[in-house]
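Colleague: The structure is given below, and queries will be raised subsequently.
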Amino acid sequence: MPDVLQHDVVIVGGGGAGLRAAIAAVEADPTLDVAIVSKVYPMRSHTVSAEGGAAGVIKAGDSLEEHIRDTISGSDWLADQDAVELFVREAPQELLRLEHWGCPWSREPDGTVAVRPFGGMGIERTWFAADKTGFHMLHTLFQTSLQHERVRRYDEWFATRLLLDDGRAVGVSAIELRSGQVRAVVGKAVILATGGFGRIFPFTTNAAIKTGDGLGLAFRAGVPLKDMEFVQYHPTGLPGTGILITEAARGEGGILVNRHGDRYLRHYNLGEPLDIRDPVHPRLRTMELGPRDRLSQAFMKEQDQGNVFDGPYGTYVHLDIRHLGERRVDQKIPFVRELATNYAGIDPVREPIPVRPVVHYMMGGIDTNLEAETALPGLYAAGECACVSINGANRLGSNSLPELLVFGARAGTGAARWAREHAPAPRAAVETQAADEQARIARDLINRRDGDERIATLRTEMQHAMEAGCGIYRTEATLQAAAAKVAELRERARRVQLDDHSLSFNTELTAALELDIMIEIAESVVHSALHRTESRGSHQRVDFPQRDDGRFLKHSLAYRTEGAPRVEYRDVAITRWPPAERVYGRAH
Amino acid sequence: MTSGATTTQTIGFEIARYLPGEDRAPTLRHYDVPYRPEWVVLDALNYLKDEVDGTLSFRWSCRMGVCGSCGAMVNGVPRLMCAAFLRDYLPGPIRVEPLANFPIERDLVIVLDDFMQKLRAVKPWIIPGDRPPPADAEYRQTPAQLADFKQYSMCINCLLCYSACPVYQHEEEFLGPAVLALAQRYDHDSRDRGNSQRHELTWSDEGIWDCTFVGECSAVCPKHVDPAGAIQQAKVESTMDWYRSVLWPFGRR
């Protein structure tokens, strides 16, 4: 029988949300024993790649009301307004806690934290640590967590299944990668904090590990996935690699120009460009500081009109930051210079940076309420893997980092409370489930010799089907084609054949498990997109170009079935901000 | 990489393979990989893993030099595989081995338990001491105060410096470059009052005094953290502290 490792709270994922949850749980109750199960060491988590910053109202002249309004209009009114209000209210105190824990926020001369402008935000409110904000937040959280002896980490353990008892979540089965052994990591509550799933697409800013593992765990346990059709393309990724060039480059004054030298965003209802020497440039909620969905869509229109450059790695436009000067670039966005130099072969102080839209963030995720609870008792989720929803149909840049703090903390506190009030699951029940899981993995993957499908082939086909059918612009026909392809891949994935039959650090095994999850998640994205016959935020249906509040001011909820996912709907929580037109480039 | 120029050339790789329980020691295996000028070593390894040999094992994630996963010896030099371009190694072959000075888990995967334990040992968190954080506000920290430690906060824990360190190679108890730089990062943070708690360890023989100032750590650091500089700075501070304690025994902080 597999080992059973007993804790009070089990957290899957050791990135920003998981670490914040762990600290919150032990602070809520220092007698609790908290486990973090993560397929990578915490400092490798993808929070590390976040660049531009974290929004939180702190400066005189800003207000919670303004941040709420920006977030709601940015979401194209699909965000739950009670959730947004709570998020905006709690974000500043969370960012302050990071400050108290040592996060090296960039500063004003008087020693207060500095803020910068960001897309879709009407006031400068984005805290930043140069352009490695996520890196510094992650390392601060990780290092702070080390002082808590009751946080026990299982680094490089891959969670494969939620363990259930009597209708509640009581742990996970996980493969210890070093030994290849499956073990049960058991608690009274489970928090999923595994991040996003950009890897279902071929061209993404997301790290290799972003395969949606937590969504797979929840989905297979019957928990619905919410608003999965909303995929954020960031307008400025490097062609070829998809490496992110932060929005802070535009926040600092960078401009987008097409191959004719035209600041093309002026043609897309985002306001009039100001001269780059104008002291008011860049103007908030205008042009380059419009929201990501609108900027990525503008690129596609430019491409249709032949106004973009054509290069060996696809089409692109120019992000020009030369006018900022070397000193400002090195001070405010040094990572932009490093990345462009290394991976695009140009020094952005001297040449414009080639950029194109790239899959960046998933608005959708595991359906949770304001307390980070899912429909499955004892199961919580936070961070990008969850959908509360504060992001609706389009997330504003710099809202995801405070989101993982606010809801990570809430998940940790809530799970601690739940753990105090509930007894551990009977050992026999979890042992049997973990043993079944061990047998399944051995039979279907490690020991199989009669498979005929290669992981990389299936993965590549899935990624291209998603890009072709479920990209920035979608139609019934492209989505149907993607749905058929992904269904075919689901069948073929049952016959996957590994080269590697060993137990020691078998990364081909984890790649197969990830592929299986990604295909199921991709299916939920496609079917949620098929059912939403309107255009809203990042979900643009060429065949249904209008927003349709009458029918679709609703969250989609995808449930797993034996066939295609079943899609249901739930009303959006509207409190004080009735749906209106999204207005950029002029007073709103 | 999603696409690229068509390839006619190939480039050779010699990659260290080791499977515990099967192999007694790592051996180099030869592979040929299509040559693409925009590829990094990591792209070549992923090509091999996907298309040629699924048993090849290595860590990677962000492929943009910030997660710290993909360190390896490339032609004998510690590098991030995501930042080592094939075009800089023409005509090849390119030799890829696990980071030196670490036990090997499998192929290019090293055991980093020792580092993780040392990282925690230097208490890399803010110890506020007699200066608790202000309620509902940030600590004031000027740009100059931030600059005093910022460089040491840039470490991505990629371990290239341990691989390059001739002291760590022979003395396993040495705390090592990255960890000592991290201690210096907190010691120099104006919000922190924990220096005395760290110095017991970091100013000991396993700490800064073990370092012979070869400087290889700073030479290989992909993030310009300059751990050798951090250690030198700490040595000066430790010496000054000692003189102060001798010359002004009652005036010591």
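Numbering starts fresh at 1 for the residues of each chain in the structure tokens, the chains themselves are lettered A, B, ... in the order given, and ligands are numbered from 1 as they appear.
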Would you kindly return, as a PyMOL selection string, each protein, DNA or RNA residue with an atom no farther than 10 Å from any atom of range 457-470 of chain A, considering only C-alpha atoms and excluding same-chain residues fewer than 6 positions away?
Modeller: (chain A and resi 198-203+229-231+359+476-490+492-493+496+511-512+514-516+518-519+522-523+525-527+529-530+539-541) or (chain B and resi 2+50-51)
Colleague: If you run DSSP on the backbone here, which positions in range 83-168 of chain A get alpha helix (DSSP H)? Please write them as number ranges by chain.
Modeller: A: 83-100, 133-145
Colleague: Identify, on the basis of only C-alpha atoms, every residue whose closest approach to Arg277 in chain A does not exceed 12 Å; exclude the query and any residue fewer than 3 positions from it along the same chain; express the result as a short mmCIF file (atom, residue, chain, number, x, y, z; two decimals) with N, CA, C and O atoms, in the first residue's frame.
Modeller:
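Once everything was written out, this is out.cif:
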data_model
loop_
_atom_site.label_atom_id
_atom_site.label_comp_id
_atom_site.auth_asym_id
_atom_site.auth_seq_id
_atom_site.Cartn_x
_atom_site.Cartn_y
_atom_site.Cartn_z
N GLY A 253 5.92 54.55 -21.51
CA GLY A 253 5.83 55.44 -22.67
C GLY A 253 6.12 54.80 -24.01
O GLY A 253 6.15 55.49 -25.04
N GLY A 254 6.35 53.49 -24.05
CA GLY A 254 6.59 52.79 -25.31
C GLY A 254 5.37 52.87 -26.22
O GLY A 254 4.24 52.93 -25.76
N ILE A 255 5.63 52.88 -27.53
CA ILE A 255 4.52 52.99 -28.49
C ILE A 255 4.54 51.80 -29.45
O ILE A 255 5.57 51.17 -29.68
N PRO A 273 -3.47 59.52 -30.47
CA PRO A 273 -2.11 59.48 -29.93
C PRO A 273 -1.60 60.87 -29.56
O PRO A 273 -1.88 61.83 -30.27
N LEU A 274 -0.88 60.93 -28.49
CA LEU A 274 -0.15 62.14 -28.14
C LEU A 274 1.27 61.99 -28.65
O LEU A 274 1.78 60.87 -28.75
N VAL A 280 2.13 64.67 -21.18
CA VAL A 280 0.98 63.87 -20.76
C VAL A 280 1.09 62.42 -21.27
O VAL A 280 0.48 61.50 -20.72
N HIS A 281 1.90 62.20 -22.31
CA HIS A 281 2.07 60.84 -22.84
C HIS A 281 2.84 60.00 -21.83
O HIS A 281 3.83 60.47 -21.28
N PRO A 282 2.48 58.73 -21.59
CA PRO A 282 1.32 58.05 -22.15
C PRO A 282 0.05 58.35 -21.35
O PRO A 282 0.07 58.30 -20.13
N HIS A 323 12.78 56.24 -27.43
CA HIS A 323 12.72 57.62 -26.92
C HIS A 323 12.81 57.69 -25.39
O HIS A 323 12.99 58.76 -24.84
N LEU A 324 12.67 56.56 -24.70
CA LEU A 324 12.80 56.59 -23.24
C LEU A 324 14.24 56.84 -22.82
O LEU A 324 14.51 57.36 -21.74
#
Colleague: For a quick test of understanding: name the residues of chain A lying within 6 Å of chain B when counting only C-alpha atoms, and present them as an mmCIF file with C-alpha atoms, in the first residue's frame.
Modeller:
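Here's the written file result31.cif:
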data_model
loop_
_atom_site.group_PDB
_atom_site.id
_atom_site.type_symbol
_atom_site.label_atom_id
_atom_site.label_comp_id
_atom_site.auth_asym_id
_atom_site.auth_seq_id
_atom_site.Cartn_x
_atom_site.Cartn_y
_atom_site.Cartn_z
ATOM 1 C CA ARG A 44 10.744 27.696 -10.163
ATOM 2 C CA LEU A 96 1.818 46.052 2.194
ATOM 3 C CA TRP A 101 8.147 40.738 4.384
ATOM 4 C CA GLY A 102 10.915 42.325 2.377
ATOM 5 C CA ARG A 107 10.579 53.531 -4.401
ATOM 6 C CA PRO A 109 12.687 59.563 -3.338
ATOM 7 C CA GLY A 111 10.905 56.206 0.554
ATOM 8 C CA THR A 112 7.262 55.404 -0.195
ATOM 9 C CA GLN A 143 11.847 32.910 1.771
ATOM 10 C CA THR A 144 9.246 34.180 4.249
ATOM 11 C CA ALA A 207 6.375 28.339 -18.790
ATOM 12 C CA ALA A 208 6.538 24.637 -19.613
ATOM 13 C CA ILE A 209 4.864 23.755 -16.324
ATOM 14 C CA GLY A 240 9.247 32.725 -32.194
ATOM 15 C CA THR A 241 9.704 32.216 -28.476
ATOM 16 C CA PRO A 312 10.728 34.223 -40.206
ATOM 17 C CA TYR A 313 8.695 33.616 -37.038
ATOM 18 C CA ALA A 456 4.875 15.448 -28.553
ATOM 19 C CA ASP A 499 10.098 5.484 -24.188
ATOM 20 C CA ASP A 500 10.896 5.714 -20.493
#
Colleague: Just list as a count of residues only whatever in range 229-417 of chain A DSSP marks as strand (DSSP E).
Modeller: 38
